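Asker: The structure under discussion is supplied below as structure tokens; questions concerning it will follow.
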Amino acid sequence: MTRERSHGAALVLLAVAVPIGEGVGVFATAALALATVARRRELELAPCVAGVAGRTLLAFGVWLAAGLVAVALGHEGLHRASELGILVPLLALPLVLIAVRALPPRWLALATAAFVLTLAVACVFALLQFAFNVRPGESIARVASTVASQGRIPGDFERTAAGGFYFHRLKMAHVLLLGIGVLWSRQLFGALSARRRVAELVLLGLYACTLMFTYTRGALLAAAVAMVATLVFAPRRYKVAGLGLAVVAGILMLSIPSVRGRLASIGGSEAKAVRALIWSQGVRIIADHPLGVGLSNYPAVVNRYYDAEDPHFDIRTYPHNILFAAWAEAGPIGLVAYAMAWLQVILGCIAALWRRGGDRALRVTAGAGLFGVTALFVVGLTHDVLFHKPVALAFSLLVGATLARLATEPEEG
């Protein structure tokens with residue numbers, strides 16, 4: 001097998017692995033790393049670290065450095081080294097960037113198709129779980145877990161949610177957002193035949209149906225926000241059609257009592273009280289540790305705050321807000337860098353979409369990137385979105401591919 005094929009096969013393997021599960025994704029990332037190393041002598045790295053790609057990687061690097069400095073200089077030390085494992089999937093981001101930049105465009109097309117089709121299989125499995133209230137293979141995929149309840153419908157723990165191969169409704173919902181973004185962008189910006197358009201609309205409907213039955217409020221809200229964000233840049237005829245499609249989908253969702261009740265609970269007193277308690281711990285940690293407690297230390301440090309505030313509260317994890325988390329662990333410098341990394345990707349996608357009449361393939365990639373990153377950022381305001389490894393792997397795959405495509409275009413001005 002030639003180096004190009006081994007490198008491309010590793011990229012496709014990662015795309016296939018993401019919808020299947022965490023362990024598979026880690027092995028696929030390792031394969032991609034080996035393929036990238038094998039090709040490094042043939043690759044010109046300068047374009048991979050220039051422009052929006054370079055600024056994004058630099059911002060993520062400053063965030064990581066600030067968090068590690070906080071570990072070294074702070075009085076907390078490193079509580080649990082294993083907690084740093086949540087960062088491993090993000091290391092795939094530069095690898096995907098290098099891989100896509102080095103390979104012919106057909107490999108990105110193959111990886112995209114592999115991701116879309118594997119996610120469709122995961123959706124069928126998820127809908128069967130939901131319809132028949134079963135979770136076949138859960139004991140194999142997840143031998144031990146403290147969040148088994150996330151495989152069930154909130155408020156009705158006797159019923160199974162559409163958790164897919166993750167057996168976890170939140171992970172499934174957040175990866176689905178990225179898949180929806182790919183298909184939605186192709187509808188808005190791609191040059192599709194009538195047959196291809198209808199087939200992909202069916203897949204989009206499958207994704208949307210599965211997302212609905214994850215009963216994940218934040219993801220449904222994020223999908224609506226991301227749809228509006230991308231519709232702004234769509235041709236006029238697709239704006240009308242896209243808006244109509246979104247309205248019809250919303251009406252269908254609201255016609256289902258259980259989904260309508262779940263969405264209505266967003267503003268409920270219980271939801272507000274839980275979020276207020278979780279966020280308040282983040283604020284208190286930031287006040288007590290203005291320079292940060294150190295990367296990966298938040299879950300250990302926050303235990304003392306809950307012990308004093310509410311010893312019986314069991315959601316003792318990150319602060320359900322990615323900006324609070326970045327500030328609490330990496331200080332104000334880490335917060336600004338982390339926010340800038342997300343913003344750079346969004347602005348890069350907007351700039352590519354703003355240039356009317358550009359390369360269709362680039363517009364599709366930029367649209368998918370804008371949808372996915374916007375959606376996950378919206379989710380991240382109320383959830384620890386990238387602390388789930390499959391979601392972080394999917395994020396790395398999307399952002400790495402997006403930055404690689406943006407790097408092929410000269411920046412204006």
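By order in the structure tokens, chains are A, B, ...; within a chain, residues start at 1; ligands start at 1, following the order shown.
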Considering only C-alpha atoms, tabulate each residue of range 346-400 of chain A that lies at most 12 Å from range 296-317 of chain A along with its nearest interatomic pair and the corresponding distance in Å to one decimal; arrange the rows by chain and ascending residue number and present them as CSV.
Answerer:
```
residue,atom,partner,partner_atom,distance
A:His383,CA,A:Thr317,CA,10.3
A:Asp384,CA,A:Thr317,CA,8.5
A:Val385,CA,A:Thr317,CA,11.9
A:Phe387,CA,A:Thr317,CA,9.9
A:His388,CA,A:Thr317,CA,11.8
```
Asker: Go ahead and save the picked residues with all heavy atoms, as a tab-separated table (two decimals), in the first residue's frame.
Answerer:
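That gives us result_12.tsv:
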```
chain	number	residue	atom	x	y	z
A	383	HIS	N	-23.41	22.86	28.75
A	383	HIS	CA	-23.00	21.46	28.88
A	383	HIS	C	-21.50	21.34	28.66
A	383	HIS	O	-20.90	22.15	27.96
A	383	HIS	CB	-23.75	20.59	27.87
A	383	HIS	CG	-23.52	19.13	28.06
A	383	HIS	ND1	-24.09	18.43	29.09
A	383	HIS	CD2	-22.77	18.24	27.38
A	383	HIS	CE1	-23.72	17.16	29.03
A	383	HIS	NE2	-22.89	17.03	28.01
A	384	ASP	N	-20.91	20.30	29.22
A	384	ASP	CA	-19.47	20.04	29.06
A	384	ASP	C	-19.25	19.27	27.76
A	384	ASP	O	-18.89	18.10	27.76
A	384	ASP	CB	-18.94	19.23	30.25
A	384	ASP	CG	-19.31	19.86	31.58
A	384	ASP	OD1	-19.20	21.08	31.71
A	384	ASP	OD2	-19.74	19.12	32.49
A	385	VAL	N	-19.43	19.93	26.64
A	385	VAL	CA	-19.62	19.23	25.37
A	385	VAL	C	-18.39	18.46	24.90
A	385	VAL	O	-18.51	17.33	24.42
A	385	VAL	CB	-20.12	20.23	24.30
A	385	VAL	CG1	-19.08	21.29	24.00
A	385	VAL	CG2	-20.54	19.51	23.05
A	387	PHE	N	-15.97	17.23	26.64
A	387	PHE	CA	-15.40	16.30	27.63
A	387	PHE	C	-15.92	14.88	27.40
A	387	PHE	O	-15.56	13.97	28.13
A	387	PHE	CB	-15.69	16.80	29.05
A	387	PHE	CG	-15.01	18.12	29.31
A	387	PHE	CD1	-15.71	19.30	29.29
A	387	PHE	CD2	-13.65	18.17	29.55
A	387	PHE	CE1	-15.07	20.52	29.50
A	387	PHE	CE2	-13.00	19.37	29.76
A	387	PHE	CZ	-13.72	20.55	29.73
A	388	HIS	N	-16.76	14.70	26.38
A	388	HIS	CA	-17.12	13.37	25.92
A	388	HIS	C	-16.22	13.03	24.74
A	388	HIS	O	-16.19	13.74	23.74
A	388	HIS	CB	-18.59	13.33	25.49
A	388	HIS	CG	-19.55	13.41	26.62
A	388	HIS	ND1	-20.80	13.98	26.51
A	388	HIS	CD2	-19.45	12.98	27.91
A	388	HIS	CE1	-21.42	13.90	27.67
A	388	HIS	NE2	-20.62	13.31	28.53
```
Asker: Could you name the residues that touch Ala113 in chain A at 12 Å or less, counting only C-alpha atoms, but leaving out those on the same chain fewer than 2 positions away, as JSON, numbers by chain?
Answerer: {"A": [11, 12, 13, 15, 16, 106, 107, 108, 109, 110, 111, 115, 116, 117, 118, 119, 120, 179, 182, 183, 186, 200, 203]}
Asker: I'd like the contact shell of Ala287 in chain A - 12 Å cut-off, only C-alpha atoms, skipping same-chain residues fewer than 5 positions apart - returned as a short mmCIF file (atom, residue, chain, number, x, y, z; two decimals) with C-alpha atoms, in the first residue's frame.
Answerer:
```
data_model
loop_
_atom_site.label_atom_id
_atom_site.label_comp_id
_atom_site.auth_asym_id
_atom_site.auth_seq_id
_atom_site.Cartn_x
_atom_site.Cartn_y
_atom_site.Cartn_z
CA SER A 280 -22.18 28.89 40.96
CA GLN A 281 -19.46 26.38 41.86
CA GLY A 282 -17.52 27.43 38.77
CA GLY A 292 -6.80 28.77 37.34
CA VAL A 293 -6.67 25.50 39.23
CA PHE A 324 -16.35 28.74 32.81
CA TRP A 327 -11.32 30.16 32.97
CA ALA A 328 -11.50 27.97 36.06
CA GLU A 329 -8.71 25.67 34.85
CA GLY A 331 -7.14 31.40 34.09
CA PRO A 332 -8.09 34.51 32.09
#
```
Asker: Go through A:Ile98, A:Gly244, A:Leu87, A:Leu127 and flag the residue nearest Leu211 in chain A, using only C-alpha atoms for the distances.
Answerer: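 Closest to Leu211 in chain A, using only C-alpha atoms: A:Leu127.
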Asker: Which is closer to Leu192 in chain A than all the others in A:Ala361, A:Ala407, A:Val345, A:Val399, using only C-alpha atoms?
Answerer: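 Answer, going by the shortest atom-to-atom distance: A:Ala361.
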Asker: Would you mind listing what lies within 9 Å of Val88 in chain A as a ChimeraX atom specification, with only C-alpha atoms counted and same-chain residues fewer than 3 positions away left out?
Answerer: /A:26,84-85,91-92,389,392-393
